[in-house]
Amino acid sequence: MDSDPVKKINQRVADETLEIFKEVEELFDARDFYLEKIGDWYAVRFAPVLGYKPDWKYEPLVRYCFHRKAWECRIGTAYFLTIGCPFFEIICELRGYTLPGKIRSDAVVLDAGPWNGISGMYFSALARKGKVIFLEPDQESADYLDEEIRLNRFSNTELVRKALYVRSGEIGFKHRAFGASSIADRDSDSMVQAISLKELVRDHAPRGIDYFKVDIEGAEVAVADDLARYITENSGTWAAIASYHKVDGIKSFIALEKCFSRYPDLVYKTVYPYHQTTFVANKSNEDVSLNIGRLTSFEIGWKAIQRDLRNRGSVI
């Protein structure tokens with residue numbers, strides 16, 4: 001193949017990659033991340049401006065593969081492909097979900113609310129000797145996720161087209177774009193199947209769940225006690241719960257922390273202004289619980305954002 005057409009294609013991909021990253025940058029008020037080109041790859045680098053830097057090396061490498069028509073991602077030992085550009089999820093979601101601990105190679109992971117599957121593909125790439133259960137009731141998101149799993153040829157995954165809830169059975173559902181679909185007792189536009197944590201473990205994870213990633217658009221408040229009891233009874237388990245959703249006009253992290261405070265064996269903290277997340281672990285899980293304690297709180301992180309904006313002459 002002539003080298004000139006190849007160069008043109010590579011340049012077009014490079015230009016589009018930079019353009020996409022700039023669009024992602026504009027979504028954040030303050031930034032402690034930047035892009036660095038290394039050969040054909042782009043490294044997403046992080047600085048400790050906001051106080052969030054994992055103990056391990058988190059330096060995602062990303063590039064677009066023209067022949068596969070997908071984005072290649074390398075994060076440590078994990079390699080995976082994704083149809084959608086992963087920059088936003090790598091910065092906003094995945095980094096936040098894994099701040100206090102790594103996913104073991106033999107871990108059983110529950111990804112409740114995986115949406116486009118970018119975080120879940122990372123979990124699957126790491127837990128090669130374990131299992132990743134994707135719990136997704138939204139048909140559009142589940143179909144997309146199924147395609148991502150096939151693209152990566154993962155054999156350690158299971159897609160369960162149900163919603164995590166306090167009870168199993170049919171429940172009202174509201175479809176929204178961009179992964180914002182949710183359980184809806186009122187104003188629902190369809191019905192989906194729900195599954196309780198107890199039945200989920202019994203039917204899909206009989207050896208137990210090691211790590212929960214939960215992003216279920218407000219239903220996390222309803223299942224908080226189930227999660228707290230499970231983590232209390234299973235000392236090696238921990239969870240990352242997206243807690244910026246509003247339930248009855250109040251952010252869900254308030255209800256989560258109130259719930260977890262009733263369980264003396266648990267340690268918890270809400271962190272990460274990019275994508276507000278509440279972590280909870282059993283105190284006996286020493287490494288993770290210690291790292292949760294070390295994390296910059298949400299309030300301090302938010303103050304760092306405001307300080308960074310003032311330094312740059314911006315307002316919020």
# chains A, B, ... in the order shown; residues from 1 in each chain; ligands from 1

$ select_by_dssp --residues "region 61-247 of chain A" --states "alpha helix (DSSP H)" --output "PyMOL selection string"
chain A and resi 87-88+95-97+118-126+139-152+197-204+224-233

$ write_last_selection --atoms "C-alpha atoms" --output "PDB file, in the first residue's frame"
ATOM      1  CA  PHE A  87     -11.730   9.443  26.977  1.00  0.00           C
ATOM      2  CA  PHE A  88     -14.711  10.636  29.031  1.00  0.00           C
ATOM      3  CA  ARG A  95     -10.598   6.391  37.329  1.00  0.00           C
ATOM      4  CA  GLY A  96     -13.046   7.306  40.062  1.00  0.00           C
ATOM      5  CA  TYR A  97     -14.450   3.806  40.486  1.00  0.00           C
ATOM      6  CA  ILE A 118     -16.136   0.848  28.771  1.00  0.00           C
ATOM      7  CA  SER A 119     -15.561   0.435  32.517  1.00  0.00           C
ATOM      8  CA  GLY A 120     -16.834  -3.129  32.294  1.00  0.00           C
ATOM      9  CA  MET A 121     -14.450  -4.025  29.487  1.00  0.00           C
ATOM     10  CA  TYR A 122     -11.603  -2.930  31.758  1.00  0.00           C
ATOM     11  CA  PHE A 123     -12.946  -5.109  34.571  1.00  0.00           C
ATOM     12  CA  SER A 124     -13.251  -8.051  32.180  1.00  0.00           C
ATOM     13  CA  ALA A 125      -9.715  -7.581  30.871  1.00  0.00           C
ATOM     14  CA  LEU A 126      -8.369  -7.700  34.440  1.00  0.00           C
ATOM     15  CA  GLN A 139     -32.478  -3.050  25.834  1.00  0.00           C
ATOM     16  CA  GLU A 140     -30.503  -0.496  23.813  1.00  0.00           C
ATOM     17  CA  SER A 141     -27.624  -0.418  26.296  1.00  0.00           C
ATOM     18  CA  ALA A 142     -27.651  -4.198  26.736  1.00  0.00           C
ATOM     19  CA  ASP A 143     -27.477  -4.771  22.960  1.00  0.00           C
ATOM     20  CA  TYR A 144     -24.556  -2.337  22.702  1.00  0.00           C
ATOM     21  CA  LEU A 145     -22.816  -4.063  25.594  1.00  0.00           C
ATOM     22  CA  ASP A 146     -23.341  -7.468  23.996  1.00  0.00           C
ATOM     23  CA  GLU A 147     -21.549  -6.171  20.895  1.00  0.00           C
ATOM     24  CA  GLU A 148     -18.640  -4.896  23.024  1.00  0.00           C
ATOM     25  CA  ILE A 149     -18.277  -8.322  24.691  1.00  0.00           C
ATOM     26  CA  ARG A 150     -18.229 -10.064  21.297  1.00  0.00           C
ATOM     27  CA  LEU A 151     -15.701  -7.553  19.949  1.00  0.00           C
ATOM     28  CA  ASN A 152     -13.324  -8.450  22.786  1.00  0.00           C
ATOM     29  CA  LEU A 197     -29.071  -9.032  45.336  1.00  0.00           C
ATOM     30  CA  LYS A 198     -29.817 -12.289  47.155  1.00  0.00           C
ATOM     31  CA  GLU A 199     -31.210 -13.943  44.022  1.00  0.00           C
ATOM     32  CA  LEU A 200     -28.469 -12.486  41.856  1.00  0.00           C
ATOM     33  CA  VAL A 201     -25.787 -14.073  44.018  1.00  0.00           C
ATOM     34  CA  ARG A 202     -27.679 -17.365  44.189  1.00  0.00           C
ATOM     35  CA  ASP A 203     -28.261 -17.621  40.435  1.00  0.00           C
ATOM     36  CA  HIS A 204     -25.214 -15.914  38.916  1.00  0.00           C
ATOM     37  CA  ALA A 224     -28.211   0.324  50.068  1.00  0.00           C
ATOM     38  CA  ASP A 225     -29.178  -1.919  52.986  1.00  0.00           C
ATOM     39  CA  ASP A 226     -28.790  -5.053  50.854  1.00  0.00           C
ATOM     40  CA  LEU A 227     -25.290  -3.951  49.840  1.00  0.00           C
ATOM     41  CA  ALA A 228     -24.382  -2.995  53.419  1.00  0.00           C
ATOM     42  CA  ARG A 229     -25.484  -6.361  54.786  1.00  0.00           C
ATOM     43  CA  TYR A 230     -23.647  -8.245  52.047  1.00  0.00           C
ATOM     44  CA  ILE A 231     -20.368  -6.365  52.596  1.00  0.00           C
ATOM     45  CA  THR A 232     -20.718  -6.783  56.360  1.00  0.00           C
ATOM     46  CA  GLU A 233     -21.084 -10.544  55.937  1.00  0.00           C
TER      47      GLU A 233
END

$ residues_around --residues "region 103-106 of chain A" --least-positions-apart "5" --cutoff "6 Å" --atoms "only C-alpha atoms" --output "PyMOL selection string"
chain A and resi 126-130

$ closest_residue --among "A:Ala163, A:Leu18, A:Val247, A:Ile305" --to "Arg31 (chain A)" --atoms "only C-alpha atoms"
A:Ile305

$ atom_distance --atom1 "CA of Thr77 (chain A)" --atom2 "CA of Gly113 (chain A)"
24.4 Å

$ residues_around --residues "Pro273 (chain A)" --least-positions-apart "2" --cutoff "10 Å" --atoms "only C-alpha atoms" --output "PyMOL selection string"
chain A and resi 28+30+50+52+92+96+244+270-271+275-277+297-305

$ residues_around --residues "region 46-48 of chain A" --least-positions-apart "5" --cutoff "10 Å" --atoms "only C-alpha atoms" --output "CSV table (one decimal) with N, CA, C and O atoms, in the first residue's frame"
chain,number,residue,atom,x,y,z
A,31,ARG,N,-9.5,20.8,35.6
A,31,ARG,CA,-8.9,19.6,35.0
A,31,ARG,C,-7.6,19.3,35.7
A,31,ARG,O,-6.7,20.2,35.9
A,32,ASP,N,-7.4,18.0,36.0
A,32,ASP,CA,-6.1,17.6,36.5
A,32,ASP,C,-5.6,16.5,35.6
A,32,ASP,O,-4.8,15.6,36.0
A,33,PHE,N,-5.9,16.6,34.3
A,33,PHE,CA,-5.6,15.6,33.3
A,33,PHE,C,-5.1,16.3,32.0
A,33,PHE,O,-5.5,17.4,31.7
A,34,TYR,N,-4.3,15.6,31.2
A,34,TYR,CA,-3.9,16.1,30.0
A,34,TYR,C,-3.5,14.9,29.1
A,34,TYR,O,-3.4,13.8,29.5
A,35,LEU,N,-3.3,15.2,27.8
A,35,LEU,CA,-3.0,14.2,26.8
A,35,LEU,C,-1.6,14.3,26.3
A,35,LEU,O,-1.1,15.4,26.1
A,53,LYS,N,-5.1,10.8,43.1
A,53,LYS,CA,-4.1,10.0,42.3
A,53,LYS,C,-4.0,8.7,43.0
A,53,LYS,O,-3.5,8.6,44.1
A,54,PRO,N,-4.4,7.6,42.3
A,54,PRO,CA,-4.3,6.3,42.9
A,54,PRO,C,-2.9,5.9,43.3
A,54,PRO,O,-1.9,6.4,42.8
A,58,TYR,N,-1.9,4.7,37.2
A,58,TYR,CA,-3.1,4.7,36.3
A,58,TYR,C,-2.8,5.7,35.2
A,58,TYR,O,-3.0,6.9,35.3
A,59,GLU,N,-2.3,5.2,34.1
A,59,GLU,CA,-2.0,6.0,32.9
A,59,GLU,C,-2.5,5.3,31.7
A,59,GLU,O,-1.8,4.5,31.0
A,60,PRO,N,-3.8,5.5,31.4
A,60,PRO,CA,-4.4,4.8,30.2
A,60,PRO,C,-3.8,5.2,28.9
A,60,PRO,O,-3.5,6.4,28.7
A,91,ILE,N,-11.6,9.2,32.3
A,91,ILE,CA,-11.3,10.3,33.2
A,91,ILE,C,-12.4,10.4,34.3
A,91,ILE,O,-12.1,10.5,35.5

$ residues_around --residues "Ser289 (chain A)" --least-positions-apart "6" --cutoff "8 Å" --atoms "only C-alpha atoms" --output "list in words"
Pro100, Val267, Tyr268, Val280, Ala281, Asn282 and Lys283 of chain A

$ residues_around --residues "Trp41 (chain A)" --least-positions-apart "4" --cutoff "8 Å" --atoms "only C-alpha atoms" --output "ChimeraX atom specification"
/A:37,61-63

$ write_last_selection --atoms "N, CA and C atoms" --output "mmCIF file, in the first residue's frame"
data_model
loop_
_atom_site.group_PDB
_atom_site.id
_atom_site.type_symbol
_atom_site.label_atom_id
_atom_site.label_comp_id
_atom_site.auth_asym_id
_atom_site.auth_seq_id
_atom_site.Cartn_x
_atom_site.Cartn_y
_atom_site.Cartn_z
ATOM 1 N N LYS A 37 1.147 12.387 23.533
ATOM 2 C CA LYS A 37 1.296 11.440 22.430
ATOM 3 C C LYS A 37 2.577 10.631 22.603
ATOM 4 N N LEU A 61 -3.584 4.252 28.060
ATOM 5 C CA LEU A 61 -3.108 4.470 26.700
ATOM 6 C C LEU A 61 -4.241 4.151 25.736
ATOM 7 N N VAL A 62 -4.470 5.048 24.792
ATOM 8 C CA VAL A 62 -5.603 4.920 23.882
ATOM 9 C C VAL A 62 -5.150 5.219 22.457
ATOM 10 N N ARG A 63 -5.672 4.463 21.514
ATOM 11 C CA ARG A 63 -5.489 4.806 20.099
ATOM 12 C C ARG A 63 -6.627 4.209 19.296
#

$ residues_around --residues "Ala14 (chain A)" --least-positions-apart "5" --cutoff "9 Å" --atoms "only C-alpha atoms" --output "PDB file with C-alpha atoms, in the first residue's frame"
ATOM      1  CA  ILE A   9      -5.284   8.212   7.191  1.00  0.00           C
ATOM      2  CA  GLU A  19     -10.423  17.136  18.534  1.00  0.00           C
ATOM      3  CA  ASP A  40       0.766   5.789  17.862  1.00  0.00           C
ATOM      4  CA  ARG A  63      -5.489   4.806  20.099  1.00  0.00           C
ATOM      5  CA  TYR A  64      -7.962   4.295  17.285  1.00  0.00           C
TER       6      TYR A  64
END

$ atom_distance --atom1 "CA of Pro86 (chain A)" --atom2 "CA of Val221 (chain A)"
28.0 Å

$ select_by_dssp --residues "region 51-134 of chain A" --states "strand (DSSP E or B)" --output "list in words"
Leu61, Val62, Arg63, Tyr64, Cys65, Ala70, Trp71, Glu72, Cys73, Arg74, Ile75, Ala78, Tyr79, Phe80, Leu81, Thr82, Val108, Val109, Leu110, Asp111, Ala112, Lys131, Val132, Ile133 and Phe134 of chain A

$ closest_residue --among "A:Ile133, A:Cys259, A:Ala240, A:Asn10" --to "Ala222 (chain A)" --atoms "only C-alpha atoms"
A:Cys259
